[in-house]
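K.L.:
Data: data-v2.txt, compact mmCIF, C-alpha atoms.
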```txt
# COMPACT_ATOMS: atom_id res chain seq x y z
CA MET D 1 72.05 148.35 191.89
CA LYS D 2 70.19 147.25 188.76
CA ARG D 3 72.32 147.03 185.65
CA ILE D 4 70.26 147.92 182.60
CA GLY D 5 71.55 147.05 179.15
CA ILE D 6 70.61 149.38 176.29
CA ILE D 7 70.18 148.42 172.64
CA THR D 8 69.43 151.26 170.23
CA ASN D 9 68.30 151.21 166.63
CA ARG D 10 70.54 154.04 165.49
CA GLU D 11 68.54 154.49 162.32
CA LYS D 12 65.61 155.60 164.48
CA ASP D 13 67.62 157.50 167.10
CA LYS D 14 70.31 159.01 164.89
CA GLY D 15 71.32 161.77 167.27
CA LEU D 16 71.01 159.41 170.27
CA GLU D 17 68.63 161.91 171.86
CA PHE D 18 66.44 159.25 173.46
CA THR D 19 69.35 156.95 174.27
CA ASN D 20 71.08 159.74 176.18
CA GLN D 21 67.83 160.57 177.94
CA LEU D 22 67.50 156.94 178.98
CA VAL D 23 71.07 156.81 180.31
CA GLU D 24 70.51 159.99 182.34
CA SER D 25 67.31 158.60 183.84
CA ILE D 26 68.96 155.32 184.79
CA GLN D 27 71.78 157.15 186.55
CA LYS D 28 69.38 159.59 188.23
CA TYR D 29 67.41 156.80 189.86
CA GLY D 30 70.46 154.85 191.01
CA GLY D 31 70.91 152.30 188.25
CA GLN D 32 73.84 151.49 185.98
CA ALA D 33 73.53 151.82 182.21
CA VAL D 34 75.37 149.15 180.19
CA LEU D 35 75.95 150.01 176.53
CA PRO D 36 77.65 147.95 173.83
CA THR D 37 80.54 149.34 171.82
CA TYR D 38 79.84 150.80 168.38
CA ASP D 39 82.21 151.10 165.44
CA GLY D 40 80.43 154.08 163.91
CA SER D 41 78.11 152.11 161.62
CA PHE D 42 74.79 150.37 162.25
CA GLU D 43 72.90 147.55 160.56
CA MET D 44 69.99 145.54 161.95
CA ASP D 45 72.17 142.45 161.62
CA ASP D 46 74.57 144.00 164.16
CA ILE D 47 71.99 143.73 166.95
CA ASP D 48 72.67 140.04 167.62
CA ASN D 49 76.33 140.70 168.45
CA LEU D 50 75.53 143.85 170.43
CA VAL D 51 73.10 141.93 172.64
CA VAL D 52 75.61 139.12 173.23
CA GLU D 53 78.22 141.69 174.25
CA ILE D 54 76.15 143.13 177.10
CA CYS D 55 74.04 140.18 178.30
CA ASP D 56 76.57 138.88 180.82
CA ASN D 57 76.85 142.32 182.39
CA CYS D 58 73.22 143.37 182.86
CA ASP D 59 70.04 142.33 184.70
CA MET D 60 67.58 143.43 182.03
CA ILE D 61 67.54 145.07 178.63
CA ILE D 62 65.79 148.16 177.33
CA CYS D 63 65.72 148.54 173.56
CA LEU D 64 64.90 151.69 171.64
CA GLY D 65 63.32 151.29 168.21
CA GLY D 66 60.24 149.66 166.75
CA ASP D 67 58.77 146.18 166.91
CA GLY D 68 61.47 144.87 164.54
CA THR D 69 64.21 146.07 166.88
CA PHE D 70 62.43 144.52 169.84
CA LEU D 71 62.07 141.16 168.09
CA ARG D 72 65.69 141.14 166.95
CA THR D 73 66.89 141.91 170.47
CA ALA D 74 64.56 139.43 172.16
CA ARG D 75 65.62 136.58 169.85
CA THR D 76 69.04 136.68 171.53
CA ALA D 77 68.21 138.05 175.00
CA TYR D 78 65.87 135.14 175.81
CA LEU D 79 68.89 132.79 175.75
CA TYR D 80 70.18 134.61 178.84
CA GLY D 81 66.79 134.73 180.61
CA LEU D 82 66.87 138.54 180.62
CA PRO D 83 63.60 140.48 180.83
CA MET D 84 63.08 143.21 178.23
CA LEU D 85 61.36 146.56 177.91
CA GLY D 86 60.77 148.27 174.57
CA ILE D 87 60.70 152.03 173.97
CA ASN D 88 58.78 152.85 170.81
CA LEU D 89 60.64 154.96 168.25
CA GLY D 90 58.72 153.40 165.35
CA SER D 91 55.17 153.74 164.09
CA LEU D 92 52.86 151.09 165.54
CA GLY D 93 55.00 149.75 168.36
CA PHE D 94 52.70 146.99 169.57
CA LEU D 95 55.49 145.13 171.37
CA THR D 96 57.09 148.24 172.83
CA ASP D 97 55.42 149.25 176.09
CA VAL D 98 56.81 152.77 176.50
CA GLU D 99 56.44 155.86 174.29
CA LYS D 100 59.12 158.53 173.85
CA GLY D 101 57.64 160.89 176.44
CA GLU D 102 57.41 158.18 179.10
CA ILE D 103 61.09 157.24 179.41
CA ASP D 104 61.86 158.92 182.72
CA LYS D 105 58.74 157.62 184.46
CA ALA D 106 59.33 154.11 183.14
CA VAL D 107 62.91 154.04 184.47
CA GLU D 108 61.75 155.36 187.86
CA ASN D 109 59.19 152.56 188.09
CA ILE D 110 61.69 149.87 187.10
CA LEU D 111 64.36 150.97 189.56
CA ASN D 112 61.75 151.11 192.31
CA ASP D 113 60.44 147.63 191.44
CA ARG D 114 57.09 148.93 190.21
CA TYR D 115 56.68 146.65 187.22
CA THR D 116 55.39 143.25 186.22
CA LEU D 117 56.78 140.49 184.00
CA GLU D 118 54.89 138.68 181.27
CA ASP D 119 56.08 135.31 179.99
CA ARG D 120 55.40 134.94 176.26
CA ILE D 121 55.64 131.57 174.53
CA MET D 122 58.01 130.95 171.65
CA LEU D 123 57.85 128.43 168.80
CA SER D 124 60.53 126.00 167.73
CA SER D 125 60.73 125.56 163.95
CA LYS D 126 62.58 122.60 162.40
CA LEU D 127 63.00 122.15 158.64
CA TYR D 128 63.41 118.64 157.24
CA LYS D 129 64.61 117.63 153.76
CA ASP D 130 64.60 113.96 152.76
CA GLY D 131 63.64 113.21 156.35
CA LYS D 132 66.78 114.88 157.73
CA LEU D 133 66.87 117.96 159.94
CA VAL D 134 68.68 120.71 158.00
CA ALA D 135 67.77 123.91 159.89
CA GLN D 136 66.09 125.07 163.06
CA ASP D 137 65.15 128.37 164.65
CA VAL D 138 62.84 129.93 167.24
CA ALA D 139 60.04 132.44 166.70
CA ILE D 140 58.54 135.01 169.03
CA ASN D 141 55.90 136.17 166.54
CA ASP D 142 55.49 133.63 163.76
CA VAL D 143 56.77 131.07 161.32
CA VAL D 144 55.59 131.66 157.74
CA ILE D 145 55.67 129.38 154.72
CA SER D 146 55.00 131.40 151.57
CA ARG D 147 55.39 131.12 147.82
CA GLY D 148 57.45 134.33 147.82
CA GLY D 149 57.64 135.79 144.33
CA ILE D 150 56.78 132.51 142.58
CA PRO D 151 53.41 132.70 140.74
CA ARG D 152 52.43 129.16 141.79
CA ILE D 153 49.92 127.92 144.35
CA LEU D 154 51.43 126.09 147.30
CA HIS D 155 49.71 122.94 148.53
CA LEU D 156 50.45 122.54 152.22
CA SER D 157 49.23 119.51 154.14
CA THR D 158 48.88 120.52 157.78
CA TYR D 159 48.88 118.07 160.69
CA ILE D 160 48.31 118.51 164.41
CA ASP D 161 49.84 115.69 166.48
CA ASP D 162 50.04 113.62 163.26
CA ASN D 163 46.34 114.11 162.53
CA LEU D 164 45.63 115.69 159.13
CA VAL D 165 43.76 118.96 159.53
CA GLU D 166 43.60 120.14 155.92
CA MET D 167 45.54 120.41 152.70
CA TYR D 168 45.64 124.17 152.17
CA PRO D 169 46.09 125.43 148.59
CA GLY D 170 47.08 129.09 148.45
CA ASP D 171 49.93 131.51 149.07
CA GLY D 172 51.07 129.89 152.29
CA ILE D 173 50.44 129.56 156.02
CA VAL D 174 51.27 131.64 159.11
CA VAL D 175 51.83 129.76 162.36
CA ALA D 176 51.77 132.39 165.09
CA THR D 177 52.17 132.73 168.83
CA PRO D 178 49.65 134.84 170.78
CA THR D 179 52.24 137.63 170.69
CA GLY D 180 52.26 137.36 166.89
CA SER D 181 48.46 137.41 166.56
CA THR D 182 48.58 141.15 165.84
CA ALA D 183 51.30 140.81 163.18
CA TYR D 184 51.19 138.93 159.84
CA SER D 185 48.52 136.52 161.05
CA LEU D 186 46.13 139.43 161.62
CA SER D 187 46.77 140.77 158.10
CA ALA D 188 46.01 137.31 156.70
CA GLY D 189 42.63 137.23 158.49
CA GLY D 190 43.65 135.54 161.73
CA PRO D 191 42.11 136.27 165.15
CA ILE D 192 43.41 138.67 167.78
CA VAL D 193 44.18 136.87 171.04
CA GLU D 194 45.56 137.92 174.39
CA PRO D 195 49.37 137.66 174.21
CA THR D 196 49.71 135.60 177.40
CA SER D 197 47.33 132.87 176.18
CA GLY D 198 48.51 129.28 175.85
CA LEU D 199 47.71 128.60 172.23
CA ILE D 200 49.01 128.51 168.66
CA ILE D 201 47.31 130.13 165.65
CA ILE D 202 47.32 128.62 162.16
CA THR D 203 46.26 131.12 159.48
CA PRO D 204 46.17 130.28 155.74
CA ILE D 205 47.39 133.06 153.43
CA CYS D 206 45.00 133.78 150.54
CA PRO D 207 43.64 130.19 150.55
CA HIS D 208 42.20 128.94 147.27
CA ILE D 209 39.39 127.13 149.05
CA LEU D 210 36.18 128.77 150.33
CA SER D 211 35.89 126.61 153.45
CA SER D 212 39.36 127.51 154.72
CA ARG D 213 39.44 129.35 158.04
CA PRO D 214 42.10 130.20 160.65
CA LEU D 215 42.49 127.61 163.38
CA ILE D 216 43.49 127.86 167.03
CA THR D 217 45.01 124.93 168.88
CA SER D 218 46.61 124.30 172.26
CA ASP D 219 50.27 125.22 172.69
CA MET D 220 50.79 121.62 173.80
CA ARG D 221 50.31 120.39 170.22
CA LYS D 222 52.95 119.68 167.57
CA ILE D 223 52.25 121.07 164.11
CA LYS D 224 53.65 119.57 160.93
CA ILE D 225 53.35 121.28 157.54
CA CYS D 226 54.35 119.39 154.38
CA VAL D 227 54.91 120.86 150.93
CA SER D 228 53.29 118.70 148.23
CA GLN D 229 55.69 116.41 146.38
CA GLY D 230 54.77 117.91 143.00
CA PHE D 231 55.97 121.43 143.90
CA GLU D 232 59.24 121.83 141.99
CA HIS D 233 59.93 125.49 142.77
CA LYS D 234 61.60 127.18 145.73
CA ALA D 235 59.22 128.60 148.29
CA LYS D 236 60.45 130.15 151.53
CA VAL D 237 60.19 129.86 155.28
CA THR D 238 60.45 133.11 157.23
CA VAL D 239 60.91 133.26 161.01
CA ASP D 240 59.83 136.48 162.74
CA GLY D 241 60.15 138.25 159.39
CA GLN D 242 63.93 138.08 159.68
CA LYS D 243 65.25 134.60 158.87
CA ASN D 244 64.65 133.09 155.41
CA LEU D 245 65.08 129.46 154.33
CA GLU D 246 64.25 127.71 151.06
CA ILE D 247 61.64 124.96 151.01
CA THR D 248 60.42 122.79 148.14
CA GLY D 249 58.32 119.71 147.32
CA GLY D 250 58.61 116.92 149.90
CA ASP D 251 60.12 119.16 152.58
CA TYR D 252 58.29 119.71 155.84
CA LEU D 253 58.33 121.83 158.98
CA GLU D 254 57.73 120.74 162.55
CA ILE D 255 56.59 123.52 164.87
CA GLU D 256 55.95 123.38 168.61
CA LYS D 257 56.28 125.46 171.75
CA THR D 258 59.75 125.82 173.22
CA GLU D 259 60.60 125.33 176.89
CA SER D 260 62.00 128.87 176.99
CA THR D 261 59.89 132.02 177.13
CA VAL D 262 60.44 135.69 176.43
CA LYS D 263 60.10 137.83 179.55
CA ILE D 264 58.56 141.22 178.81
CA ILE D 265 58.59 144.08 181.33
CA ARG D 266 55.33 145.98 181.80
CA VAL D 267 55.44 149.34 183.56
CA ASN D 268 52.27 150.93 182.20
CA SER D 269 48.80 150.49 183.65
CA LYS D 270 47.34 150.05 180.16
CA ASN D 271 46.05 146.55 179.62
CA PHE D 272 46.06 144.63 176.35
CA PHE D 273 42.59 145.78 175.36
CA THR D 274 43.44 149.45 175.92
CA VAL D 275 46.49 149.08 173.67
CA LEU D 276 44.36 147.19 171.15
CA ARG D 277 41.81 149.99 170.93
CA SER D 278 44.52 152.60 170.53
CA LYS D 279 46.96 150.94 168.14
CA ILE D 280 44.81 148.57 166.11
CA TYR D 281 41.34 150.14 166.16
CA GLY D 282 42.67 153.73 166.28
CA ARG D 283 40.36 154.79 169.09
CA LYS D 284 41.25 157.11 171.90
CA GLU D 285 40.73 156.27 175.54
CA GLU D 286 37.37 157.35 176.91
```
Starting from the file, lay out its structure as structure tokens.
P.N.:
Amino acid sequence: MKRIGIITNREKDKGLEFTNQLVESIQKYGGQAVLPTYDGSFEMDDIDNLVVEICDNCDMIICLGGDGTFLRTARTAYLYGLPMLGINLGSLGFLTDVEKGEIDKAVENILNDRYTLEDRIMLSSKLYKDGKLVAQDVAINDVVISRGGIPRILHLSTYIDDNLVEMYPGDGIVVATPTGSTAYSLSAGGPIVEPTSGLIIITPICPHILSSRPLITSDMRKIKICVSQGFEHKAKVTVDGQKNLEITGGDYLEIEKTESTVKIIRVNSKNFFTVLRSKIYGRKEE
């Protein structure tokens, strides 16, 4: 019997209509639904603890919400090696494979072993101040250095395996995984790449240099980004749009692929390019 953990964004499924539908489908096809306990309130910050509560008691996780819910859940679930499926209750839902009307069919496929797993790379991000490691995190989508609300240009010297690539003046830099190529990196002018590719994307944000272009490198490389010594203000580092750290002149980030991966369940026959046409280009299937 497959034990399926359920994480719900209760702001998007307030009446638990789709959560209850999911539970019924799991039971109908011979699975066991594992739900965390709720105290009557819900905040996105609660998701971390809810995932930890159920991870030891389930074989996979299905989360109901949007891409933000999926990312928040996956950032903890990967520690347990659990595969994940997302049900889209948001708007775009690029990470979530299943739409609201497909819940029953998706559960039937999973409980009859009609699905595939995709391994997505993650990025390790380490922040150094005065040469000392002060913070670290992992990213499924991206690591972003930005000037935030400060009306000052950032000067970011970017290295790949200790080789200087460029000193980028501008609003910041996005370092993205293939999974994150359709997120902030895309908005900043970065390329769209297949999510299972073995590469890392470096995309300058509003660069103040005409020759500046996004760059793609192997996921075997180590990236180092240094804030110029003369920058006296507080910029910020954001991981997956959810974790914020302060960074200032002389500080630097080291970013590289982690040994761990995120395992994503695929039950639909739609390939990446079909989803791309539908959700990014807004074109219907022919």
K.L.:
Taking 3 positions as the minimum chain separation for residues in the same chain, which residues sit within 8 Å of range 66-78 of chain D when counting only C-alpha atoms? Answer as a PyMOL selection string.
P.N.:
chain D and resi 7+9+44+47-48+51-52+55+61+63+81-84+86-96+138-140+240+260-263
K.L.:
Quick one: of D:Thr8, D:Thr274, D:Ser125, D:Asn141, who's nearest to Ser185 in chain D, counting only C-alpha atoms?
P.N.:
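Using only C-alpha atoms, the shortest distance to Ser185 in chain D belongs to D:Asn141.
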K.L.:
Could you check which of D:Ile121, D:Ile153, D:Ala135, D:Ile110 is closest to Glu194 in chain D, using only C-alpha atoms?
P.N.:
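Closest residue, counting only C-alpha atoms: D:Ile121.
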K.L.:
With distances taken over only C-alpha atoms, which of D:Leu276, D:Ile225, D:Gly149, D:Glu102 is nearest to Thr182 in chain D?
P.N.:
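Counting only C-alpha atoms, the residue closest to Thr182 in chain D is D:Leu276.
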K.L.:
Using all atoms listed in the file, which of the listed residues (D:Ile223, D:Ile265, D:Ala188, D:Met167) sits closest to Ser211 in chain D?
P.N.:
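Looking at the shortest contact to Ser211 in chain D, the residue is D:Met167.
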K.L.:
What's the 12 Å shell around Thr248 in chain D, counting all atoms listed in the file, without same-chain residues fewer than 2 positions away, as an MDAnalysis selection string?
P.N.:
chainID D and resid 127:130 145:148 150 154:156 225:237 245:246 250:253
K.L.:
Taking (47.2, 127.1, 157.8) in the file's own coordinates, collect the residues within 12 Å, counting only C-alpha atoms, and hand them back as a PyMOL selection string.
P.N.:
chain D and resi 143-146+154-160+164-176+185+188-190+200-209+212-217+223-226
K.L.:
Suppose you want the space between CA of Asn49 in chain D and CA of Leu79 in chain D; what is it in Å?
P.N.:
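Spanning CA of Asn49 in chain D to CA of Leu79 in chain D is a straight-line distance of 13.1 Å.
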K.L.:
Please provide as a list in words all residues within 7 Å of range 11-26 of chain D, with the sequence filter that same-chain residues fewer than 2 positions apart are discarded (counting all atoms listed in the file).
P.N.:
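So, after excluding close chain neighbours, the residues are Thr8, Asn9, Lys28, Tyr29, Gly30, Gly31, Gln32, Ala33, Gly65, Leu89, Ile103, Asp104 and Val107 of chain D.
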K.L.:
Now that the selection is made, can you save its residues with C-alpha atoms as a PDB file, in the coordinates of the input?
P.N.:
```pdb
ATOM      1  CA  THR D   8      69.430 151.260 170.230  1.00  0.00           C
ATOM      2  CA  ASN D   9      68.300 151.210 166.630  1.00  0.00           C
ATOM      3  CA  LYS D  28      69.380 159.590 188.230  1.00  0.00           C
ATOM      4  CA  TYR D  29      67.410 156.800 189.860  1.00  0.00           C
ATOM      5  CA  GLY D  30      70.460 154.850 191.010  1.00  0.00           C
ATOM      6  CA  GLY D  31      70.910 152.300 188.250  1.00  0.00           C
ATOM      7  CA  GLN D  32      73.840 151.490 185.980  1.00  0.00           C
ATOM      8  CA  ALA D  33      73.530 151.820 182.210  1.00  0.00           C
ATOM      9  CA  GLY D  65      63.320 151.290 168.210  1.00  0.00           C
ATOM     10  CA  LEU D  89      60.640 154.960 168.250  1.00  0.00           C
ATOM     11  CA  ILE D 103      61.090 157.240 179.410  1.00  0.00           C
ATOM     12  CA  ASP D 104      61.860 158.920 182.720  1.00  0.00           C
ATOM     13  CA  VAL D 107      62.910 154.040 184.470  1.00  0.00           C
TER      14      VAL D 107
END
```
K.L.:
Report the distance between CA of Ile264 in chain D and CA of Glu43 in chain D in Å, rounded to one decimal place.
P.N.:
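According to the coordinates, CA of Ile264 in chain D and CA of Glu43 in chain D are separated by 24.1 Å.
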K.L.:
In Å, with one decimal, what is the gap from CA of Tyr80 in chain D to CA of Ile4 in chain D?
P.N.:
13.8 Å
K.L.:
Using all atoms listed in the file, find the one residue out of D:Arg120, D:Arg10, D:Lys126, D:Lys257 that sits nearest to Ser218 in chain D.
P.N.:
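Closest to Ser218 in chain D, using all atoms listed in the file: D:Lys257.
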K.L.:
Take every atom of range 108-118 of chain D listed in the file, fit an axis-aligned box around them, add 3 Å per side, and give the centre and edge lengths in Å to one decimal as JSON.
P.N.:
```
{"center_x": 59.6, "center_y": 147.0, "center_z": 186.8, "size_x": 15.5, "size_y": 22.7, "size_z": 17.0}
```
K.L.:
In terms of the shortest atom-to-atom distance over all atoms listed in the file, which of D:Lys243, D:Ile54, D:Lys222, D:Ala106 is closest to Val267 in chain D?
P.N.:
D:Ala106
